[in-house]
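query.txt (compact mmCIF, C-alpha atoms and all ligand atoms) appears below.
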```txt
# COMPACT_ATOMS: atom_id res chain seq x y z
CA MET A 247 -13.50 -5.59 16.40
CA SER A 248 -16.67 -3.56 16.39
CA ASP A 249 -18.19 -3.59 12.91
CA ALA A 250 -21.75 -3.45 14.24
CA LEU A 251 -22.50 -0.23 12.34
CA LEU A 252 -21.51 -1.56 8.93
CA ALA A 253 -24.37 -1.45 6.41
CA ASP A 254 -25.65 -4.83 5.24
CA HIS A 255 -23.88 -4.66 1.88
CA GLU A 256 -20.63 -3.68 3.64
CA ALA A 257 -20.86 -6.58 6.09
CA GLN A 258 -21.62 -9.00 3.24
CA PHE A 259 -18.66 -7.74 1.24
CA GLN A 260 -16.39 -8.05 4.30
CA ASP A 261 -17.62 -11.64 4.83
CA ALA A 262 -16.94 -12.51 1.20
CA VAL A 263 -13.37 -11.12 1.23
CA ARG A 264 -12.73 -12.74 4.61
CA ALA A 265 -13.87 -16.16 3.35
CA PHE A 266 -11.84 -15.85 0.14
CA THR A 267 -8.74 -14.82 2.12
CA ALA A 268 -9.13 -17.68 4.60
CA ARG A 269 -9.48 -20.18 1.75
CA GLU A 270 -7.13 -18.86 -0.95
CA ILE A 271 -4.50 -16.72 0.75
CA THR A 272 -3.88 -17.45 4.45
CA PRO A 273 -2.98 -21.14 3.94
CA HIS A 274 -0.23 -20.14 1.46
CA ALA A 275 1.05 -16.98 3.15
CA ALA A 276 4.08 -18.57 4.86
CA ALA A 277 5.15 -20.45 1.72
CA TRP A 278 4.79 -17.34 -0.48
CA ASP A 279 6.80 -15.35 2.06
CA ARG A 280 9.62 -17.93 1.89
CA ALA A 281 9.45 -18.21 -1.91
CA GLY A 282 9.65 -14.42 -2.34
CA ARG A 283 6.60 -14.34 -4.60
CA TYR A 284 2.92 -15.16 -4.96
CA PRO A 285 1.14 -16.24 -8.15
CA ARG A 286 0.40 -13.39 -10.51
CA GLU A 287 -2.92 -15.15 -11.31
CA LEU A 288 -4.18 -13.90 -7.96
CA PHE A 289 -4.64 -10.47 -9.57
CA ALA A 290 -6.90 -12.00 -12.24
CA ARG A 291 -8.89 -13.84 -9.55
CA LEU A 292 -9.42 -10.61 -7.58
CA GLY A 293 -10.20 -8.82 -10.85
CA ALA A 294 -12.79 -11.43 -11.89
CA LEU A 295 -14.55 -10.98 -8.55
CA GLY A 296 -14.70 -7.24 -9.29
CA TRP A 297 -12.64 -6.47 -6.19
CA LEU A 298 -9.66 -4.72 -7.86
CA GLY A 299 -12.20 -2.21 -9.14
CA THR A 300 -13.86 -1.67 -5.75
CA ALA A 301 -12.86 2.00 -5.51
CA PHE A 302 -13.42 2.82 -9.20
CA PRO A 303 -16.60 3.77 -11.08
CA GLU A 304 -18.30 1.39 -13.48
CA ASP A 305 -17.58 3.42 -16.64
CA VAL A 306 -13.87 2.55 -16.36
CA GLY A 307 -14.42 -1.09 -15.43
CA GLY A 308 -14.76 -0.63 -11.68
CA SER A 309 -17.52 -1.88 -9.43
CA GLY A 310 -18.31 1.49 -7.85
CA GLY A 311 -17.95 0.35 -4.26
CA GLY A 312 -16.05 3.36 -2.88
CA SER A 313 -13.40 3.93 -0.24
CA THR A 314 -15.16 2.20 2.67
CA LEU A 315 -15.51 -1.11 0.82
CA TYR A 316 -11.93 -0.71 -0.42
CA ALA A 317 -10.70 -0.25 3.18
CA LEU A 318 -12.66 -3.33 4.27
CA MET A 319 -10.99 -5.32 1.50
CA CYS A 320 -7.46 -4.07 2.31
CA ALA A 321 -7.89 -5.00 5.98
CA GLU A 322 -9.06 -8.53 5.16
CA LEU A 323 -6.35 -9.21 2.55
CA ALA A 324 -3.63 -7.90 4.88
CA ARG A 325 -4.90 -10.22 7.59
CA GLY A 326 -4.12 -13.12 5.25
CA SER A 327 -0.87 -11.95 3.63
CA ALA A 328 0.67 -8.51 3.94
CA GLY A 329 2.77 -9.17 0.82
CA VAL A 330 -0.32 -9.85 -1.30
CA ALA A 331 -2.11 -6.80 0.11
CA LEU A 332 0.93 -4.62 -0.68
CA GLY A 333 1.01 -5.66 -4.34
CA MET A 334 -2.74 -5.22 -4.70
CA TYR A 335 -2.82 -1.77 -3.12
CA VAL A 336 0.15 -0.41 -5.11
CA HIS A 337 -1.61 -1.59 -8.29
CA THR A 338 -5.04 -0.20 -7.43
CA ALA A 339 -4.85 2.74 -4.99
CA LEU A 340 -1.61 4.23 -6.36
CA ALA A 341 -1.04 3.34 -10.02
CA CYS A 342 -4.66 2.94 -11.16
CA GLY A 343 -5.72 5.72 -8.78
CA ALA A 344 -3.31 8.14 -10.50
CA VAL A 345 -4.63 7.19 -13.95
CA HIS A 346 -8.21 7.60 -12.76
CA HIS A 347 -7.78 10.96 -11.03
CA LEU A 348 -5.25 12.60 -13.33
CA GLY A 349 -5.70 10.92 -16.72
CA SER A 350 -7.92 12.05 -19.57
CA ASP A 351 -11.11 10.11 -20.41
CA GLY A 352 -9.20 8.44 -23.25
CA GLN A 353 -6.36 7.34 -20.93
CA ARG A 354 -8.82 6.02 -18.35
CA ARG A 355 -10.72 3.94 -20.90
CA ARG A 356 -7.51 2.68 -22.54
CA ILE A 357 -5.68 1.70 -19.34
CA LEU A 358 -8.09 0.98 -16.50
CA PRO A 359 -10.47 -1.79 -17.68
CA ALA A 360 -7.71 -4.39 -18.28
CA ALA A 361 -5.88 -3.28 -15.13
CA LEU A 362 -9.00 -3.60 -12.98
CA ARG A 363 -9.67 -7.05 -14.42
CA GLY A 364 -6.17 -7.95 -13.21
CA GLU A 365 -5.00 -8.77 -16.72
CA ARG A 366 -2.40 -5.99 -16.81
CA ILE A 367 -0.49 -5.23 -13.64
CA ALA A 368 0.86 -1.83 -12.65
CA CYS A 369 3.54 -0.47 -10.38
CA TRP A 370 3.92 2.98 -8.87
CA ALA A 371 7.45 4.25 -9.44
CA TYR A 372 8.32 7.32 -7.47
CA ALA A 373 11.29 6.49 -5.18
CA GLU A 374 14.88 6.86 -6.36
CA PRO A 375 18.30 6.39 -4.73
CA GLY A 376 18.28 10.12 -3.83
CA ALA A 377 14.53 10.70 -3.45
CA GLY A 378 12.54 9.26 -0.53
CA SER A 379 10.66 11.67 1.72
CA ASP A 380 12.13 14.59 -0.21
CA VAL A 381 10.00 14.47 -3.34
CA ALA A 382 11.70 17.48 -4.91
CA SER A 383 14.92 15.44 -5.20
CA VAL A 384 13.56 13.28 -8.05
CA ARG A 385 16.31 13.15 -10.71
CA THR A 386 14.62 11.03 -13.39
CA ARG A 387 14.39 13.39 -16.33
CA ALA A 388 11.75 13.61 -19.07
CA ARG A 389 13.36 15.72 -21.80
CA ARG A 390 11.24 17.12 -24.66
CA GLU A 391 12.30 15.72 -28.04
CA GLY A 392 10.52 15.37 -31.38
CA GLY A 393 6.98 16.02 -30.13
CA GLY A 394 7.38 13.65 -27.18
CA TYR A 395 9.80 12.90 -24.36
CA VAL A 396 12.98 10.93 -23.69
CA LEU A 397 13.17 9.50 -20.15
CA ASP A 398 16.47 8.87 -18.36
CA GLY A 399 17.02 7.92 -14.72
CA GLY A 400 16.30 5.19 -12.23
CA LYS A 401 13.60 4.11 -9.79
CA LEU A 402 14.34 2.05 -6.69
CA TYR A 403 12.28 -0.19 -4.35
CA ILE A 404 9.43 -0.57 -6.86
CA THR A 405 6.82 -3.10 -5.69
CA ASN A 406 5.39 -5.35 -8.48
CA ALA A 407 8.14 -4.26 -10.92
CA PRO A 408 9.47 -7.80 -11.59
CA PHE A 409 6.15 -8.89 -13.14
CA ALA A 410 4.28 -5.65 -13.87
CA ASP A 411 3.20 -4.66 -17.38
CA PHE A 412 3.42 -0.92 -16.90
CA ALA A 413 4.57 1.73 -14.46
CA VAL A 414 3.08 5.04 -13.46
CA LEU A 415 6.30 6.92 -12.88
CA VAL A 416 7.36 10.33 -11.65
CA ALA A 417 9.85 12.29 -13.76
CA SER A 418 10.99 15.87 -13.91
CA THR A 419 10.00 17.80 -17.02
CA GLU A 420 11.44 21.07 -15.64
CA PRO A 421 14.21 20.36 -13.09
CA GLU A 422 14.67 24.06 -12.24
CA ARG A 423 11.05 24.20 -10.93
CA GLY A 424 11.55 21.48 -8.31
CA LEU A 425 8.22 20.01 -7.13
CA LYS A 426 6.32 22.06 -9.72
CA GLY A 427 8.40 20.53 -12.50
CA LEU A 428 7.37 16.93 -11.78
CA SER A 429 5.06 15.05 -14.14
CA LEU A 430 3.55 11.54 -14.20
CA PHE A 431 3.99 9.13 -17.13
CA VAL A 432 2.51 5.74 -17.93
CA VAL A 433 5.26 3.57 -19.42
CA GLU A 434 5.11 -0.12 -20.42
CA LEU A 435 8.00 -2.01 -18.91
CA ASP A 436 8.84 -3.82 -22.17
CA ARG A 437 9.54 -0.57 -24.03
CA PRO A 438 13.06 -0.07 -25.47
CA GLY A 439 15.14 1.85 -22.94
CA VAL A 440 13.50 0.26 -19.86
CA THR A 441 15.35 -2.34 -17.81
CA VAL A 442 13.86 -4.02 -14.72
CA GLY A 443 16.45 -5.31 -12.27
CA ARG A 444 16.45 -8.57 -10.36
CA PRO A 445 13.99 -8.92 -7.45
CA MET A 446 15.46 -7.23 -4.34
CA GLU A 447 15.76 -9.08 -1.03
CA LYS A 448 14.14 -7.38 1.96
CA LEU A 449 13.40 -7.87 5.66
CA GLY A 450 9.65 -8.42 5.33
CA MET A 451 6.76 -8.38 2.86
CA GLY A 452 8.48 -11.47 1.50
CA ALA A 453 5.61 -12.46 -0.77
CA SER A 454 5.67 -9.15 -2.65
CA GLU A 455 8.27 -8.67 -5.37
CA MET A 456 10.28 -5.49 -5.74
CA ALA A 457 12.95 -4.30 -8.18
CA GLU A 458 14.84 -1.34 -9.57
CA ILE A 459 13.75 0.20 -12.90
CA VAL A 460 16.40 1.84 -15.11
CA LEU A 461 15.34 4.27 -17.84
CA ASP A 462 17.92 4.91 -20.54
CA GLY A 463 16.61 6.79 -23.55
CA CYS A 464 13.04 5.49 -23.10
CA ARG A 465 10.63 7.30 -25.41
CA ALA A 466 7.22 8.50 -24.22
CA GLY A 467 4.53 10.43 -26.08
CA GLU A 468 2.21 13.22 -25.00
CA ALA A 469 -0.49 10.55 -24.63
CA ASP A 470 1.62 8.84 -21.96
CA ARG A 471 1.65 11.89 -19.67
CA LEU A 472 -1.06 12.11 -16.99
CA GLY A 473 -2.41 15.63 -16.55
CA PRO A 474 -0.77 18.89 -17.59
CA GLU A 475 3.03 19.03 -17.62
CA GLY A 476 4.51 19.97 -14.24
CA THR A 477 1.37 19.48 -12.16
CA GLY A 478 1.33 15.70 -12.00
CA PHE A 479 2.95 14.89 -8.72
CA LEU A 480 1.50 17.75 -6.69
CA GLN A 481 -1.96 16.84 -7.95
CA ALA A 482 -1.32 13.16 -7.22
CA MET A 483 -0.45 13.94 -3.60
CA LYS A 484 -3.70 15.89 -3.23
CA VAL A 485 -5.99 13.29 -4.75
CA LEU A 486 -4.36 9.97 -3.82
CA THR A 487 -5.80 9.98 -0.30
CA LEU A 488 -7.08 6.47 -1.00
CA GLY A 489 -3.48 5.26 -0.61
CA ARG A 490 -3.32 6.58 2.96
CA ILE A 491 -6.71 5.08 3.83
CA ALA A 492 -5.57 1.78 2.31
CA ALA A 493 -2.30 1.85 4.30
CA ALA A 494 -4.29 2.49 7.48
CA ALA A 495 -6.66 -0.42 6.77
CA PHE A 496 -3.66 -2.54 5.92
CA GLY A 497 -2.16 -1.75 9.34
CA VAL A 498 -5.40 -2.72 11.08
CA GLY A 499 -5.64 -6.01 9.17
CA LEU A 500 -2.04 -7.01 9.85
CA GLY A 501 -2.37 -5.89 13.49
CA ARG A 502 -5.52 -8.04 13.88
CA ALA A 503 -3.66 -11.07 12.53
CA ALA A 504 -0.85 -10.51 15.05
CA HIS A 505 -3.35 -10.02 17.89
CA GLU A 506 -5.21 -13.23 17.01
CA THR A 507 -1.95 -15.19 16.82
CA ALA A 508 -0.86 -13.94 20.24
CA LEU A 509 -4.27 -14.67 21.76
CA THR A 510 -4.24 -18.24 20.46
CA HIS A 511 -0.72 -18.75 21.78
CA VAL A 512 -1.36 -17.51 25.31
CA ARG A 513 -4.56 -19.58 25.53
CA GLU A 514 -2.61 -22.74 24.71
CA ARG A 515 0.75 -22.08 26.37
CA VAL A 516 0.79 -23.33 29.95
CA GLN A 517 3.27 -21.84 32.46
CA PHE A 518 3.03 -21.54 36.26
CA GLY A 519 0.25 -24.13 36.32
CA GLY A 520 -2.15 -22.54 33.85
CA PRO A 521 -2.53 -20.83 30.46
CA LEU A 522 -0.46 -17.63 30.09
CA LEU A 523 -3.75 -15.82 29.43
CA ARG A 524 -4.39 -15.94 33.19
CA GLN A 525 -1.40 -13.65 33.85
CA GLN A 526 -2.44 -10.06 34.33
CA PHE A 527 0.40 -8.57 32.27
CA VAL A 528 -0.58 -10.80 29.35
CA ARG A 529 -4.28 -9.95 29.65
CA PHE A 530 -3.56 -6.21 29.85
CA THR A 531 -1.28 -6.33 26.80
CA LEU A 532 -4.01 -8.07 24.79
CA ALA A 533 -6.58 -5.55 26.03
CA ASP A 534 -4.35 -2.65 24.99
CA MET A 535 -3.84 -4.22 21.57
CA ALA A 536 -7.58 -4.66 21.05
CA THR A 537 -8.28 -1.08 22.20
CA ARG A 538 -5.66 0.51 19.96
CA LEU A 539 -6.70 -1.59 16.95
CA GLU A 540 -10.32 -0.60 17.50
CA ALA A 541 -9.35 3.09 17.62
CA ALA A 542 -7.22 2.67 14.48
CA TRP A 543 -10.12 0.98 12.66
CA GLN A 544 -12.63 3.66 13.61
CA LEU A 545 -10.23 6.40 12.40
CA THR A 546 -9.79 4.48 9.15
CA LEU A 547 -13.53 3.99 8.62
CA HIS A 548 -14.13 7.66 9.43
CA ALA A 549 -11.64 8.83 6.77
CA ALA A 550 -13.11 6.37 4.24
CA ARG A 551 -16.69 7.47 4.95
CA LEU A 552 -15.74 11.15 4.58
CA ALA A 553 -14.15 10.27 1.22
CA ASP A 554 -17.31 8.45 0.11
CA ALA A 555 -19.43 11.42 1.17
CA GLY A 556 -17.28 13.71 -1.00
CA LYS A 557 -16.14 15.71 2.03
CA PRO A 558 -12.58 16.94 2.73
CA HIS A 559 -10.67 14.09 4.35
CA GLY A 560 -6.96 14.57 3.65
CA ASN A 561 -6.15 15.32 7.28
CA GLU A 562 -8.27 12.43 8.58
CA ALA A 563 -6.55 10.09 6.10
CA SER A 564 -3.14 11.22 7.43
CA MET A 565 -4.27 10.73 11.05
CA ALA A 566 -5.63 7.26 10.28
CA LYS A 567 -2.47 6.26 8.40
CA LEU A 568 -0.18 7.55 11.16
CA PHE A 569 -2.08 5.98 14.04
CA ALA A 570 -2.96 2.67 12.37
CA THR A 571 0.53 1.93 11.04
CA GLU A 572 2.26 2.81 14.33
CA THR A 573 -0.36 0.75 16.18
CA CYS A 574 0.35 -2.13 13.81
CA THR A 575 4.11 -1.99 14.51
CA TRP A 576 3.49 -1.87 18.27
CA THR A 577 0.97 -4.72 18.11
CA CYS A 578 3.21 -6.96 15.99
CA GLU A 579 6.15 -6.38 18.37
CA ARG A 580 4.02 -7.16 21.45
CA ALA A 581 2.54 -10.23 19.74
CA LEU A 582 6.03 -11.56 19.04
CA HIS A 583 6.94 -10.88 22.68
CA LEU A 584 3.93 -12.81 23.99
CA CYS A 585 4.74 -15.77 21.74
CA GLY A 586 8.23 -16.06 23.29
CA ALA A 587 10.76 -18.40 21.69
CA GLN A 588 8.05 -20.19 19.74
CA GLY A 589 7.21 -16.91 18.00
CA TYR A 590 10.87 -16.26 17.21
CA MET A 591 11.12 -19.44 15.11
CA LEU A 592 10.91 -18.97 11.35
CA GLU A 593 7.95 -21.35 11.15
CA SER A 594 5.81 -19.02 13.29
CA ALA A 595 3.41 -16.43 11.90
CA ALA A 596 4.34 -13.96 14.67
CA GLN A 597 7.86 -13.42 13.32
CA ARG A 598 6.47 -12.86 9.80
CA PHE A 599 4.06 -10.21 11.04
CA TYR A 600 6.93 -8.55 12.95
CA ARG A 601 9.06 -8.42 9.77
CA ASP A 602 6.14 -7.25 7.61
CA CYS A 603 4.80 -4.41 9.72
CA LYS A 604 7.55 -1.79 9.74
CA VAL A 605 7.34 -0.74 6.11
CA LEU A 606 3.75 0.47 6.55
CA GLU A 607 5.27 3.41 8.43
CA TYR A 608 7.37 4.32 5.35
CA GLY A 609 5.05 4.21 2.36
CA GLU A 610 2.54 6.97 1.53
CA GLY A 611 4.75 9.38 3.49
CA THR A 612 6.52 8.24 6.65
CA SER A 613 5.10 8.85 10.13
CA GLU A 614 7.13 12.06 10.39
CA ILE A 615 5.76 13.32 7.06
CA GLN A 616 2.19 12.55 8.26
CA ARG A 617 2.85 14.43 11.52
CA GLU A 618 4.17 17.36 9.48
CA THR A 619 1.02 17.29 7.31
CA ILE A 620 -1.29 17.17 10.35
CA ALA A 621 0.66 19.96 12.09
CA ARG A 622 0.45 22.18 8.98
CA ALA A 623 -3.34 21.76 8.96
CA LEU A 624 -3.42 22.92 12.60
CA GLU A 625 -1.62 26.13 11.60
CA ALA A 626 -3.96 26.88 8.68
C1 LIG B 701 8.87 -2.91 1.07
C2 LIG B 701 8.92 -1.56 0.40
C3 LIG B 701 8.13 -1.33 -0.72
C4 LIG B 701 8.21 -0.11 -1.40
N1 LIG B 701 7.47 0.05 -2.55
C5 LIG B 701 7.58 1.22 -3.24
C6 LIG B 701 6.89 1.40 -4.49
O1 LIG B 701 6.17 0.53 -4.96
N2 LIG B 701 7.06 2.58 -5.15
C7 LIG B 701 7.86 3.58 -4.67
O2 LIG B 701 7.97 4.63 -5.32
N3 LIG B 701 8.53 3.43 -3.50
C8 LIG B 701 8.43 2.29 -2.79
N4 LIG B 701 9.12 2.13 -1.62
C9 LIG B 701 9.97 3.23 -1.14
C10 LIG B 701 9.17 4.26 -0.32
O3 LIG B 701 8.55 5.13 -1.21
C11 LIG B 701 10.15 5.01 0.60
O4 LIG B 701 10.54 4.10 1.62
C12 LIG B 701 9.52 6.24 1.20
O5 LIG B 701 9.28 7.20 0.22
C13 LIG B 701 10.44 6.88 2.28
O6 LIG B 701 11.68 7.17 1.75
P1 LIG B 701 13.02 6.53 2.33
O7 LIG B 701 12.76 5.11 2.69
O8 LIG B 701 14.11 6.80 1.35
O9 LIG B 701 13.30 7.26 3.71
P2 LIG B 701 14.00 8.75 3.98
O10 LIG B 701 13.23 9.80 3.26
O11 LIG B 701 15.46 8.60 3.67
O12 LIG B 701 13.77 8.86 5.52
C14 LIG B 701 14.50 8.12 6.49
C15 LIG B 701 14.00 8.53 7.87
O13 LIG B 701 14.14 9.94 8.07
C16 LIG B 701 12.87 10.52 8.38
N5 LIG B 701 12.73 11.83 7.74
C17 LIG B 701 12.93 12.16 6.43
N6 LIG B 701 12.67 13.45 6.23
C18 LIG B 701 12.28 13.98 7.43
C19 LIG B 701 11.86 15.27 7.88
N7 LIG B 701 11.80 16.32 7.04
N8 LIG B 701 11.55 15.44 9.17
C20 LIG B 701 11.61 14.39 10.05
N9 LIG B 701 12.00 13.15 9.68
C21 LIG B 701 12.31 12.94 8.40
C22 LIG B 701 11.83 9.58 7.80
O14 LIG B 701 10.58 9.72 8.46
C23 LIG B 701 12.48 8.23 8.05
O15 LIG B 701 12.24 7.83 9.37
C24 LIG B 701 9.07 0.92 -0.91
C25 LIG B 701 9.86 0.69 0.22
C26 LIG B 701 9.81 -0.53 0.86
C27 LIG B 701 10.71 -0.76 2.05
```
Target format structure tokens, applied to this file:
Amino acid sequence: MSDALLADHEAQFQDAVRAFTAREITPHAAAWDRAGRYPRELFARLGALGWLGTAFPEDVGGSGGGSTLYALMCAELARGSAGVALGMYVHTALACGAVHHLGSDGQRRRILPAALRGERIACWAYAEPGAGSDVASVRTRARREGGGYVLDGGKLYITNAPFADFAVLVASTEPERGLKGLSLFVVELDRPGVTVGRPMEKLGMGASEMAEIVLDGCRAGEADRLGPEGTGFLQAMKVLTLGRIAAAAFGVGLGRAAHETALTHVRERVQFGGPLLRQQFVRFTLADMATRLEAAWQLTLHAARLADAGKPHGNEASMAKLFATETCTWTCERALHLCGAQGYMLESAAQRFYRDCKVLEYGEGTSEIQRETIARALEA
């Protein structure tokens, strides 16, 4: 992968995350996938290194690295364990990102330092049984009462929920206004009226934990709301471009892991009197993988660099997310194919990558929603 144009500090950071991942994450990835969890202490380790705060400024406990360093980190972590990378990016890019961009100074200083040290873990709770791509269908209600709010409803498929300390959740303060009636709230998960369900079983991302959150008469104050009432979610969608850049980097990292696994396999596997790598079909598939991953990475870096330069980059983030996550799915499927029966066995990494990849096309807006966003920009 061509990283020749990375600045020195970027290359050094990439090396450091790569070495940490190779030592502390990759050797455990298969076991954590089977166990359905990874140690929560990993957040504190990443926090102590200053890496959870990579995309956040120093005055809220971040390390001021920016979007490019954050993308480099996501790619390296995903190369080691997609489940770990998922939990980390939901915590940082989505939950902490919403607090940073939409919260008041007081909320930022109260919530972010401990979260970026990895001492308090967050989840991002938007999805519901009836609300996936269609954001306006959110039914969780935040009703005004006694100077604050009472929250009722339910959130589904929430990554980190089984062990998180707090959720940044989307609720409707004015149901008749649809999208414009949605607000964001920060709610601790041990508050009365909040119940977290049992971890849910899923196809992939085995190491990451996910659960349902039920809200039944949960009280929230004005100080728990991020931004003005009714603007929260629309604002979040505008400013949380880091999530799309992270998802794109994530796709590149996971795709690279699958590519490397396939390359190792076809070098070692002997059929027809020589390594499979001598077969033209195999060589061309690997060449196509490398080419598409390179294109995905350059799109991702471009979106991240625009973000760091303070330039408009929403469309580029959507393009990077769309292309990188679809490339990742294609690469993981081809890698499994090249590994044959050996790859199909549960002890192989290729089958884990194949199970992990698909969800990257769902989160942060599915591929169709990204295409819709890109097409709308063409019309403007
Ligand atoms: C492993 C995992 C982790 C997750 N973690 C979280 C989390 O932490 N927090 C959270 O809030 N949510 C989480 N989710 C849920 C995620 O937000 C949703 O998957 C996502 O919003 C898409 O919604 P949906 O899955 O209900 O799909 P749907 O919206 O039901 O879509 C199904 C299919 O229809 C297509 N489609 C929908 N609308 C259109 C349209 N208008 N035009 C064309 N095609 C369309 C979609 O592209 C998709 O292919 C997670 C999901 C998974 C699987």
Give me, as JSON lines, each residue of chain A that comes within 8 Å of ligand LIG 701 (chain B), together with its shortest interatomic pair and the distance in Å at one decimal, counting all atoms listed in the file, with rows ordered by chain and rising residue number.
```
{"residue": "A:Leu332", "atom": "CA", "partner": "B:LIG701", "partner_atom": "C3", "distance": 7.9}
{"residue": "A:Val336", "atom": "CA", "partner": "B:LIG701", "partner_atom": "O1", "distance": 6.1}
{"residue": "A:Cys369", "atom": "CA", "partner": "B:LIG701", "partner_atom": "O1", "distance": 6.1}
{"residue": "A:Trp370", "atom": "CA", "partner": "B:LIG701", "partner_atom": "N2", "distance": 4.9}
{"residue": "A:Ala371", "atom": "CA", "partner": "B:LIG701", "partner_atom": "O2", "distance": 4.2}
{"residue": "A:Tyr372", "atom": "CA", "partner": "B:LIG701", "partner_atom": "O2", "distance": 3.5}
{"residue": "A:Ala373", "atom": "CA", "partner": "B:LIG701", "partner_atom": "O2", "distance": 3.8}
{"residue": "A:Glu374", "atom": "CA", "partner": "B:LIG701", "partner_atom": "O2", "distance": 7.3}
{"residue": "A:Pro375", "atom": "CA", "partner": "B:LIG701", "partner_atom": "O8", "distance": 7.4}
{"residue": "A:Gly376", "atom": "CA", "partner": "B:LIG701", "partner_atom": "O8", "distance": 7.4}
{"residue": "A:Ala377", "atom": "CA", "partner": "B:LIG701", "partner_atom": "O8", "distance": 6.2}
{"residue": "A:Gly378", "atom": "CA", "partner": "B:LIG701", "partner_atom": "O6", "distance": 3.2}
{"residue": "A:Ser379", "atom": "CA", "partner": "B:LIG701", "partner_atom": "O10", "distance": 3.5}
{"residue": "A:Asp380", "atom": "CA", "partner": "B:LIG701", "partner_atom": "O10", "distance": 6.0}
{"residue": "A:Lys401", "atom": "CA", "partner": "B:LIG701", "partner_atom": "O2", "distance": 7.2}
{"residue": "A:Leu402", "atom": "CA", "partner": "B:LIG701", "partner_atom": "N3", "distance": 6.8}
{"residue": "A:Tyr403", "atom": "CA", "partner": "B:LIG701", "partner_atom": "N4", "distance": 4.8}
{"residue": "A:Ile404", "atom": "CA", "partner": "B:LIG701", "partner_atom": "O1", "distance": 3.9}
{"residue": "A:Thr405", "atom": "CA", "partner": "B:LIG701", "partner_atom": "O1", "distance": 3.8}
{"residue": "A:Asn406", "atom": "CA", "partner": "B:LIG701", "partner_atom": "O1", "distance": 6.9}
{"residue": "A:Ala407", "atom": "CA", "partner": "B:LIG701", "partner_atom": "O1", "distance": 7.9}
{"residue": "A:Lys448", "atom": "CA", "partner": "B:LIG701", "partner_atom": "C1", "distance": 7.0}
{"residue": "A:Gly450", "atom": "CA", "partner": "B:LIG701", "partner_atom": "C1", "distance": 7.0}
{"residue": "A:Met451", "atom": "CA", "partner": "B:LIG701", "partner_atom": "C1", "distance": 6.1}
{"residue": "A:Ser454", "atom": "CA", "partner": "B:LIG701", "partner_atom": "C1", "distance": 7.9}
{"residue": "A:Met456", "atom": "CA", "partner": "B:LIG701", "partner_atom": "C3", "distance": 6.9}
{"residue": "A:Val605", "atom": "CA", "partner": "B:LIG701", "partner_atom": "C27", "distance": 5.3}
{"residue": "A:Tyr608", "atom": "CA", "partner": "B:LIG701", "partner_atom": "O4", "distance": 4.9}
{"residue": "A:Gly609", "atom": "CA", "partner": "B:LIG701", "partner_atom": "C10", "distance": 4.9}
{"residue": "A:Glu610", "atom": "CA", "partner": "B:LIG701", "partner_atom": "O3", "distance": 6.9}
{"residue": "A:Gly611", "atom": "CA", "partner": "B:LIG701", "partner_atom": "O5", "distance": 6.0}
{"residue": "A:Thr612", "atom": "CA", "partner": "B:LIG701", "partner_atom": "O14", "distance": 4.7}
{"residue": "A:Ser613", "atom": "CA", "partner": "B:LIG701", "partner_atom": "O14", "distance": 5.8}
{"residue": "A:Glu614", "atom": "CA", "partner": "B:LIG701", "partner_atom": "O14", "distance": 4.6}
{"residue": "A:Ile615", "atom": "CA", "partner": "B:LIG701", "partner_atom": "O14", "distance": 6.2}
{"residue": "A:Glu618", "atom": "CA", "partner": "B:LIG701", "partner_atom": "N8", "distance": 7.6}
```
query = Could you pull the residues within 12 Å of Leu397 of chain A, counting only C-alpha atoms, minus those fewer than 5 positions along the same chain, as a VMD selection string?
reply = chain A and resid 385 to 391 415 to 419 429 to 433 437 to 440 459 to 467 470 to 471
query = Taking into account all atoms listed in the file, which residue in the set A:Gln526, A:Leu428, A:Arg551, A:Arg502 is nearest to Leu472 of chain A?
reply =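 Result for the nearest residue to Leu472 of chain A: A:Leu428.
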key: Selected residue of minimal separation from Gly501 of chain A among A:Arg598, A:Arg280, A:His274, A:Arg286, counting all atoms listed in the file   = A:Arg598
query = How many Å lie between atom CA of Glu514 of chain A and atom CA of Glu540 of chain A, rounded to one decimal?
reply = 24.5 Å
Take segment 268-274 of chain A, model N, CA and C atoms, and hand the result over as an mmCIF file, in the coordinates of the input.
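Below you can see part-v9.cif, which holds the result:
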```cif
data_model
loop_
_atom_site.group_PDB
_atom_site.id
_atom_site.type_symbol
_atom_site.label_atom_id
_atom_site.label_comp_id
_atom_site.auth_asym_id
_atom_site.auth_seq_id
_atom_site.Cartn_x
_atom_site.Cartn_y
_atom_site.Cartn_z
ATOM 1 N N ALA A 268 -9.366 -16.498 3.751
ATOM 2 C CA ALA A 268 -9.130 -17.680 4.600
ATOM 3 C C ALA A 268 -8.895 -18.929 3.758
ATOM 4 N N ARG A 269 -9.566 -18.982 2.602
ATOM 5 C CA ARG A 269 -9.480 -20.180 1.750
ATOM 6 C C ARG A 269 -8.295 -20.120 0.793
ATOM 7 N N GLU A 270 -8.070 -18.940 0.177
ATOM 8 C CA GLU A 270 -7.130 -18.860 -0.950
ATOM 9 C C GLU A 270 -5.799 -18.207 -0.616
ATOM 10 N N ILE A 271 -5.723 -17.483 0.495
ATOM 11 C CA ILE A 271 -4.500 -16.720 0.750
ATOM 12 C C ILE A 271 -3.796 -17.180 2.034
ATOM 13 N N THR A 272 -4.520 -17.145 3.158
ATOM 14 C CA THR A 272 -3.880 -17.450 4.450
ATOM 15 C C THR A 272 -3.128 -18.792 4.448
ATOM 16 N N PRO A 273 -3.698 -19.862 3.877
ATOM 17 C CA PRO A 273 -2.980 -21.140 3.940
ATOM 18 C C PRO A 273 -1.638 -21.118 3.196
ATOM 19 N N HIS A 274 -1.465 -20.177 2.259
ATOM 20 C CA HIS A 274 -0.230 -20.140 1.460
ATOM 21 C C HIS A 274 0.721 -19.028 1.895
#
```
